[in-house]
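Source file: input.csv (CSV, C-alpha atoms)
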```
chain,number,residue,atom,x,y,z
D,1,MET,CA,24.1,-2.3,-1.4
D,2,VAL,CA,20.4,-1.6,-1.9
D,3,PRO,CA,19.2,2.0,-1.3
D,4,SER,CA,17.7,2.6,2.2
D,5,VAL,CA,14.0,3.5,2.2
D,6,SER,CA,11.8,5.5,4.6
D,7,VAL,CA,8.1,4.7,4.5
D,8,ILE,CA,6.1,7.6,6.0
D,9,ILE,CA,2.4,7.2,6.9
D,10,PRO,CA,0.6,10.2,8.2
D,11,THR,CA,-2.5,9.2,10.1
D,12,TYR,CA,-5.5,11.0,11.6
D,13,GLY,CA,-8.5,9.4,13.3
D,14,ARG,CA,-8.0,5.9,12.0
D,15,GLU,CA,-8.2,2.7,14.1
D,16,GLN,CA,-8.8,-0.8,12.7
D,17,VAL,CA,-7.8,0.1,9.1
D,18,LEU,CA,-4.6,1.7,10.4
D,19,ARG,CA,-3.7,-1.5,12.2
D,20,GLU,CA,-4.4,-3.5,9.1
D,21,THR,CA,-2.3,-1.2,7.0
D,22,LEU,CA,0.7,-1.4,9.3
D,23,ALA,CA,0.5,-5.1,9.6
D,24,ASN,CA,0.5,-5.3,5.8
D,25,VAL,CA,3.4,-2.9,5.3
D,26,LEU,CA,5.5,-4.8,7.8
D,27,GLN,CA,5.3,-7.8,5.5
D,28,GLN,CA,7.5,-6.1,2.9
D,29,ASP,CA,10.3,-8.3,1.6
D,30,TYR,CA,12.6,-5.3,1.0
D,31,PRO,CA,15.8,-5.7,3.2
D,32,ASN,CA,16.5,-2.1,4.1
D,33,TYR,CA,13.6,0.1,5.2
D,34,GLU,CA,12.1,1.9,8.1
D,35,LEU,CA,8.5,2.7,8.9
D,36,LEU,CA,7.6,6.1,10.3
D,37,ILE,CA,4.1,6.9,11.6
D,38,VAL,CA,3.2,10.6,12.0
D,39,ASP,CA,0.2,10.3,14.3
D,40,GLN,CA,-2.2,13.3,14.5
D,41,THR,CA,-4.9,11.4,16.4
D,42,ALA,CA,-5.6,13.0,19.8
D,43,GLN,CA,-6.7,9.7,21.4
D,44,HIS,CA,-6.8,6.2,20.0
D,45,GLU,CA,-9.0,3.3,20.9
D,46,PRO,CA,-7.3,1.0,23.5
D,47,GLU,CA,-6.7,-1.7,20.9
D,48,THR,CA,-5.0,0.6,18.5
D,49,GLN,CA,-3.0,2.3,21.2
D,50,ALA,CA,-1.7,-1.0,22.5
D,51,TYR,CA,-0.8,-2.2,19.0
D,52,LEU,CA,1.2,1.0,18.2
D,53,GLU,CA,2.9,0.8,21.6
D,54,GLN,CA,3.9,-2.8,20.9
D,55,LEU,CA,5.2,-2.1,17.4
D,56,ALA,CA,7.2,0.9,18.8
D,57,ALA,CA,8.7,-1.2,21.7
D,58,GLU,CA,9.7,-3.9,19.2
D,59,GLN,CA,11.3,-1.2,17.1
D,60,LYS,CA,9.2,-2.2,14.1
D,61,ILE,CA,8.0,1.4,13.7
D,62,ARG,CA,9.1,4.9,14.6
D,63,TRP,CA,6.0,6.5,16.1
D,64,PHE,CA,5.7,10.2,16.3
D,65,ARG,CA,2.7,11.9,17.9
D,66,VAL,CA,1.8,15.6,17.1
D,67,ASN,CA,-1.0,17.7,18.5
D,68,TRP,CA,-2.1,19.2,15.2
D,69,ALA,CA,-3.7,18.0,12.0
D,70,SER,CA,-2.1,18.8,8.6
D,71,LEU,CA,-1.3,16.3,5.9
D,72,PRO,CA,1.5,18.4,4.2
D,73,GLY,CA,2.7,19.3,7.7
D,74,ALA,CA,2.9,15.6,8.7
D,75,ARG,CA,4.7,14.8,5.4
D,76,ASN,CA,7.4,17.4,6.2
D,77,TYR,CA,7.6,16.3,9.8
D,78,GLY,CA,8.2,12.7,8.7
D,79,VAL,CA,10.9,13.6,6.1
D,80,ARG,CA,12.9,15.6,8.7
D,81,ARG,CA,13.0,12.5,10.9
D,82,SER,CA,13.6,9.9,8.2
D,83,ARG,CA,16.9,8.4,7.3
D,84,GLY,CA,16.3,6.7,3.9
D,85,GLU,CA,17.7,7.7,0.5
D,86,ILE,CA,14.2,7.1,-0.9
D,87,ILE,CA,11.1,8.5,0.7
D,88,VAL,CA,7.9,6.6,0.2
D,89,PHE,CA,4.5,8.1,1.2
D,90,LEU,CA,1.5,5.9,1.9
D,91,ASP,CA,-2.0,6.6,3.2
D,92,ASP,CA,-3.2,4.8,6.3
D,93,ASP,CA,-5.9,2.8,4.5
D,94,VAL,CA,-3.9,0.8,1.9
D,95,LEU,CA,-3.0,-2.8,1.2
D,96,LEU,CA,0.2,-3.6,-0.9
D,97,PRO,CA,2.0,-6.7,-2.2
D,98,PRO,CA,5.2,-7.9,-0.6
D,99,ASN,CA,7.4,-6.6,-3.4
D,100,PHE,CA,5.9,-3.1,-3.4
D,101,LEU,CA,9.0,-1.3,-2.1
D,102,GLN,CA,11.2,-3.2,-4.5
D,103,MET,CA,9.1,-2.0,-7.4
D,104,HIS,CA,9.4,1.6,-6.4
D,105,VAL,CA,13.2,1.5,-5.7
D,106,ARG,CA,14.2,-0.2,-9.0
D,107,ASN,CA,13.0,2.9,-10.9
D,108,PHE,CA,15.5,5.1,-9.0
D,109,VAL,CA,18.3,2.6,-9.4
D,110,GLU,CA,17.7,2.1,-13.2
D,111,ARG,CA,16.9,5.7,-14.1
D,112,PRO,CA,19.1,8.5,-12.7
D,113,ASP,CA,16.8,11.1,-14.3
D,114,VAL,CA,13.8,9.9,-12.2
D,115,GLY,CA,13.3,12.0,-9.1
D,116,ALA,CA,9.8,10.6,-8.2
D,117,VAL,CA,7.8,7.5,-8.8
D,118,ALA,CA,4.0,7.4,-9.1
D,119,GLY,CA,2.6,4.0,-8.3
D,120,ARG,CA,-0.7,2.6,-9.6
D,121,VAL,CA,-3.6,3.0,-7.3
D,122,LEU,CA,-6.3,0.4,-7.4
D,123,ASP,CA,-8.9,2.7,-5.9
D,124,ARG,CA,-11.8,0.7,-4.5
D,125,MET,CA,-14.4,3.5,-5.1
D,126,LYS,CA,-13.2,4.5,-8.6
D,127,LEU,CA,-12.9,0.9,-9.7
D,128,ALA,CA,-16.5,0.3,-8.6
D,129,GLU,CA,-17.7,3.4,-10.6
D,130,ALA,CA,-15.8,2.8,-13.8
D,131,ASP,CA,-16.2,0.5,-16.8
D,132,PRO,CA,-14.7,-2.9,-15.6
D,133,ASN,CA,-13.1,-3.4,-19.0
D,134,LEU,CA,-11.4,0.0,-19.1
D,135,ILE,CA,-7.6,-0.3,-19.8
D,136,ILE,CA,-5.3,2.6,-20.7
D,137,GLU,CA,-1.9,2.2,-22.2
D,138,ASP,CA,-0.7,5.7,-23.3
D,139,LEU,CA,-2.2,8.6,-21.4
D,140,PRO,CA,-3.6,11.4,-23.6
D,141,PRO,CA,-1.4,14.5,-24.2
D,142,GLU,CA,-3.8,16.5,-22.0
D,143,ALA,CA,-2.5,14.4,-19.0
D,144,MET,CA,0.9,16.2,-19.3
D,145,ASP,CA,-0.6,19.7,-19.5
D,146,PRO,CA,-0.9,21.1,-15.9
D,147,GLY,CA,-4.0,23.1,-17.0
D,148,THR,CA,-5.9,20.1,-18.1
D,149,ALA,CA,-4.3,17.1,-16.5
D,150,TRP,CA,-6.5,16.7,-13.4
D,151,TYR,CA,-9.4,15.1,-15.3
D,152,SER,CA,-7.2,13.2,-17.8
D,153,LEU,CA,-4.5,11.6,-15.6
D,154,ASN,CA,-5.9,8.2,-14.7
D,155,LEU,CA,-3.5,6.3,-12.4
D,156,VAL,CA,-6.2,3.7,-11.7
D,157,HIS,CA,-6.6,2.0,-15.1
D,158,THR,CA,-3.2,2.9,-16.8
D,159,ILE,CA,-1.1,-0.3,-17.3
D,160,LYS,CA,1.9,1.1,-19.2
D,161,PRO,CA,5.0,2.7,-17.6
D,162,GLN,CA,5.5,6.3,-18.7
D,163,GLN,CA,6.3,9.8,-17.6
D,164,VAL,CA,3.6,11.6,-15.8
D,165,LEU,CA,2.9,15.1,-14.3
D,166,THR,CA,2.1,14.1,-10.8
D,167,ALA,CA,1.6,11.2,-8.4
D,168,ARG,CA,-1.3,10.4,-6.0
D,169,GLY,CA,-0.5,11.0,-2.4
D,170,CYS,CA,-1.4,7.5,-1.2
D,171,ASN,CA,1.3,5.9,-3.4
D,172,MET,CA,4.4,8.0,-4.3
D,173,SER,CA,8.1,8.1,-3.7
D,174,PHE,CA,10.9,10.6,-4.0
D,175,ARG,CA,14.6,10.9,-3.9
D,176,ARG,CA,15.8,12.5,-0.7
D,177,ALA,CA,17.8,14.9,-2.8
D,178,LEU,CA,14.6,16.8,-3.7
D,179,PHE,CA,14.2,17.8,-0.1
D,180,GLU,CA,17.8,18.3,1.0
D,181,GLN,CA,19.5,19.5,-2.2
D,182,HIS,CA,16.7,21.3,-4.0
D,183,SER,CA,14.9,22.4,-0.8
D,184,LEU,CA,11.4,21.3,-2.0
D,185,TRP,CA,8.9,20.8,0.8
D,186,PHE,CA,5.2,20.3,1.0
D,187,ASP,CA,3.3,23.6,1.2
D,188,GLU,CA,1.5,23.6,4.5
D,189,ARG,CA,-1.1,26.2,3.3
D,190,PHE,CA,-3.0,23.4,1.6
D,191,GLN,CA,-5.9,22.7,4.0
D,192,GLY,CA,-8.7,20.4,4.8
D,193,SER,CA,-8.1,17.0,3.1
D,194,ALA,CA,-5.1,18.8,1.6
D,195,VAL,CA,-6.2,17.9,-1.9
D,196,ARG,CA,-3.7,19.0,-4.5
D,197,GLU,CA,-0.8,19.3,-2.0
D,198,GLU,CA,1.0,16.4,-3.7
D,199,SER,CA,0.2,17.9,-7.2
D,200,ASP,CA,1.7,21.2,-6.1
D,201,PHE,CA,4.8,19.5,-4.9
D,202,CYS,CA,5.2,17.4,-8.1
D,203,LEU,CA,4.7,20.5,-10.3
D,204,ARG,CA,7.6,22.1,-8.6
D,205,ILE,CA,9.8,19.1,-9.3
D,206,ARG,CA,9.9,20.2,-12.9
D,207,LYS,CA,12.4,23.0,-12.0
D,208,THR,CA,14.9,20.5,-10.8
D,209,GLY,CA,15.2,18.6,-14.1
D,210,TYR,CA,14.1,15.4,-12.6
D,211,LYS,CA,11.2,13.3,-14.1
D,212,ILE,CA,8.2,11.7,-12.5
D,213,TRP,CA,7.9,8.2,-13.7
D,214,TYR,CA,4.7,6.1,-13.5
D,215,ASP,CA,5.2,2.4,-12.7
D,216,PRO,CA,2.0,0.3,-12.6
D,217,THR,CA,3.9,-2.6,-11.0
D,218,ALA,CA,4.3,-0.4,-7.9
D,219,HIS,CA,0.6,-0.9,-7.2
D,220,LEU,CA,-1.5,-0.9,-4.1
D,221,VAL,CA,-5.2,-1.1,-3.1
D,222,HIS,CA,-6.6,2.1,-1.7
D,223,LEU,CA,-9.5,1.4,0.5
D,224,GLY,CA,-10.8,5.0,0.5
D,225,GLU,CA,-12.2,5.2,4.0
D,226,GLU,CA,-14.7,8.1,4.2
D,227,SER,CA,-13.5,9.5,7.5
D,228,GLY,CA,-10.1,10.0,9.2
D,229,GLY,CA,-6.9,9.7,7.3
D,230,CYS,CA,-5.8,13.1,6.0
D,231,HIS,CA,-9.2,14.8,6.7
D,232,ASP,CA,-8.8,17.3,9.5
D,233,ILE,CA,-12.4,18.5,8.9
D,234,SER,CA,-15.6,16.8,7.8
D,235,THR,CA,-15.9,16.4,4.0
D,236,ARG,CA,-19.6,17.5,4.4
D,237,SER,CA,-18.8,20.8,6.0
D,238,PHE,CA,-18.9,24.3,4.4
D,239,LYS,CA,-15.2,24.7,5.4
D,240,TYR,CA,-14.2,21.6,3.6
D,241,GLN,CA,-16.0,22.7,0.4
D,242,ILE,CA,-14.3,26.1,0.4
D,243,THR,CA,-10.8,24.6,1.1
D,244,PHE,CA,-11.3,22.1,-1.7
D,245,TYR,CA,-11.6,24.9,-4.2
D,246,HIS,CA,-9.0,27.0,-2.3
D,247,ASN,CA,-6.5,24.2,-2.8
D,248,ASN,CA,-7.1,23.7,-6.5
D,249,PHE,CA,-6.9,27.5,-7.2
D,250,LEU,CA,-3.8,27.8,-5.0
D,251,MET,CA,-2.0,25.1,-6.9
D,252,GLY,CA,-2.9,26.9,-10.2
D,253,LEU,CA,-1.9,30.3,-9.0
D,254,LYS,CA,1.5,29.1,-7.8
D,255,ASN,CA,2.4,26.9,-10.8
D,256,LEU,CA,0.5,27.7,-14.0
D,257,THR,CA,0.7,30.2,-16.8
D,258,PRO,CA,-2.3,32.5,-17.2
D,259,ILE,CA,-3.6,30.3,-20.1
D,260,GLN,CA,-3.1,27.1,-18.1
D,261,PHE,CA,-4.8,28.6,-15.1
D,262,LEU,CA,-7.8,29.6,-17.3
D,263,ARG,CA,-8.1,26.0,-18.5
D,264,LEU,CA,-7.8,24.7,-15.0
D,265,SER,CA,-10.6,27.1,-13.8
D,266,THR,CA,-12.8,26.2,-16.7
D,267,ASP,CA,-12.5,22.5,-16.2
D,268,LEU,CA,-12.9,22.8,-12.4
D,269,PHE,CA,-16.2,24.8,-12.9
D,270,ASP,CA,-17.5,22.4,-15.6
D,271,CYS,CA,-16.8,19.3,-13.5
D,272,GLN,CA,-17.1,20.3,-9.9
D,273,VAL,CA,-19.8,23.0,-10.2
D,274,LEU,CA,-21.9,22.0,-13.2
D,275,GLY,CA,-21.4,18.4,-12.3
D,276,HIS,CA,-20.5,17.2,-15.8
D,277,PRO,CA,-18.5,13.9,-16.2
D,278,PRO,CA,-16.3,12.6,-14.8
D,279,CYS,CA,-17.7,14.3,-11.6
D,280,CYS,CA,-21.3,13.4,-12.4
D,281,LYS,CA,-22.9,15.5,-9.6
D,282,SER,CA,-26.4,16.6,-9.1
D,283,GLY,CA,-27.7,19.0,-11.8
D,284,SER,CA,-30.3,20.7,-9.7
D,285,PRO,CA,-30.2,24.5,-9.8
D,286,LEU,CA,-29.9,24.8,-6.0
D,287,SER,CA,-26.9,22.4,-5.9
D,288,ILE,CA,-25.2,24.2,-8.8
D,289,ILE,CA,-25.7,27.6,-7.2
D,290,SER,CA,-24.3,26.4,-3.8
D,291,ARG,CA,-21.3,24.8,-5.5
D,292,ALA,CA,-20.7,28.0,-7.5
D,293,ILE,CA,-20.7,30.0,-4.3
D,294,PHE,CA,-18.0,27.7,-2.8
D,295,TYR,CA,-16.1,27.9,-6.1
D,296,ILE,CA,-16.0,31.7,-5.8
D,297,LEU,CA,-15.2,31.8,-2.1
D,298,GLY,CA,-12.4,29.2,-2.6
D,299,CYS,CA,-10.9,31.3,-5.4
D,300,LEU,CA,-10.9,34.4,-3.3
D,301,ALA,CA,-9.4,32.5,-0.4
D,302,ALA,CA,-6.6,31.2,-2.6
D,303,VAL,CA,-5.8,34.8,-3.8
D,304,LYS,CA,-5.7,35.9,-0.2
D,305,THR,CA,-3.4,33.0,0.7
D,306,LEU,CA,-1.0,33.9,-2.2
D,307,LEU,CA,-0.9,37.6,-1.2
D,308,GLY,CA,-0.2,36.6,2.4
D,309,SER,CA,2.9,34.7,1.2
D,310,LEU,CA,4.5,38.1,0.5
D,311,TRP,CA,5.3,38.3,4.3
D,312,ASN,CA,4.6,34.7,5.5
D,313,ASP,CA,5.5,31.5,3.7
D,314,GLY,CA,2.7,29.6,5.6
D,315,GLN,CA,5.0,26.7,6.8
D,316,ARG,CA,3.4,27.0,10.3
D,317,TYR,CA,3.9,23.4,11.3
D,318,THR,CA,7.5,23.3,10.2
D,319,GLN,CA,8.1,26.6,12.1
D,320,LEU,CA,6.4,25.1,15.2
D,321,ASP,CA,8.6,22.0,14.9
D,322,GLN,CA,11.7,24.0,14.6
D,323,MET,CA,10.8,26.1,17.6
D,324,VAL,CA,10.3,23.0,19.7
D,325,GLY,CA,13.6,21.7,18.5
D,326,ASP,CA,15.4,24.8,19.5
D,327,MET,CA,14.0,24.7,23.1
```
Show me, as structure tokens, the structure contained in the file I just sent.
Amino acid sequence: MVPSVSVIIPTYGREQVLRETLANVLQQDYPNYELLIVDQTAQHEPETQAYLEQLAAEQKIRWFRVNWASLPGARNYGVRRSRGEIIVFLDDDVLLPPNFLQMHVRNFVERPDVGAVAGRVLDRMKLAEADPNLIIEDLPPEAMDPGTAWYSLNLVHTIKPQQVLTARGCNMSFRRALFEQHSLWFDERFQGSAVREESDFCLRIRKTGYKIWYDPTAHLVHLGEESGGCHDISTRSFKYQITFYHNNFLMGLKNLTPIQFLRLSTDLFDCQVLGHPPCCKSGSPLSIISRAIFYILGCLAAVKTLLGSLWNDGQRYTQLDQMVGDM
């Protein structure tokens, strides 16, 4: 009997592209899966609302609406309501081939030591910016070092299966045992677009003894819409910029050794603040100074968050969900 699969799609502020994604996922040829939508959108356009209601009435999806916006919170919410032995997370702006789920599942069946699968992401924006002839077989050693991996781990152009350090949130799957037996959950203190929330989760998998395996045949196209999705605040806002650095530093403070954290901080400053490749940002003094301010504020915010964990684990949406369940 094939393992049961739960596909979880958190969504926020998406309309037509969400409808296209759901229609595409429902064409999967895998015989035993459910599709859960954790909907954080306050009010949909009439066409999207009608479409979701129709799919739910036909029992093609399980549709859950929440009145808050948090990507890690939505992931945890979906897992608690899922039934599958394998949990697959997708973004709400992706397109995938009909055998996508089969490609993910076979890794768990064939490799008992695999606890998570990272699929290849044919990212529309990154493919447009990169050398069209770029092909990677073996990732460099830096890609397995949590202090340096974040600018070396290329899951867009890598064509060879291999062990990796983390997955990308739009295309990743996990054994249910990680949640139920090892009590791993997504950290709801990761804010904004929740960048690095999946990396934080994957780094914690190392303590379980399971491996994260990259399978390029489990591929999808990531459309990379600029608004909606996992963004609960504008990417152009001051708050987003601070939370971007907050999330990177929080991941490092939680999971890295002092030397690894120093390398992470240095690479983050070199790429995101100074704008050196692969970030390639404006090198004007004013832009660098403004990014440096966000860098410092984000670091201080991460330290504050970590200190706050001494009396509060920050799982506010899980706590809210449990309170509602107890009522």
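Distance annotation: of D:Asp29, D:Glu47, D:Asp113, D:Glu53, the residue with the minimal separation from Ile212 (chain D) is D:Asp113; atom set is all atoms listed in the file.
When only C-alpha atoms are used to measure the gap to Arg80 (chain D), the shortest distance among D:Ser290, D:Ser183, D:Gln162, D:Thr257 belongs to D:Ser183.
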Self-check item: Neighbour list for His246 (chain D) as an MDAnalysis selection string, cut-off 7 Å, only C-alpha atoms, skip fewer than 6 positions in-chain
Solution: chainID D and resid 298:299 301:302
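Interatomic distance, CA of Leu250 (chain D) to CA of Met125 (chain D): 26.5 Å.
We find CA of Ser199 (chain D) and CA of Trp150 (chain D) to be spaced 9.2 Å apart.
For Val17 (chain D), the set of protein, DNA and RNA residues having any atom at most 9 Å away, when counting only C-alpha atoms and skipping those fewer than 6 positions along the same chain, is Asp92, Asp93, Val94, Leu223 and Glu225 of chain D.
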Self-check item: Separation of CA of Phe179 (chain D) from CA of Asn76 (chain D), in Å and rounded to one decimal
Solution: 9.3 Å
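Minimum distance to Gly73 (chain D) across D:Thr217, D:Thr166, D:Gln40, D:Thr148 (counting only C-alpha atoms) occurs at D:Gln40.
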Practice problem: May I have the protein, DNA and RNA residues with an atom at most 9 Å from (2.0, 8.1, -1.9), counting only C-alpha atoms in the file's coordinates, returned as a ChimeraX atom specification? | Solution: /D:8-9,88-91,118-119,167-173,198
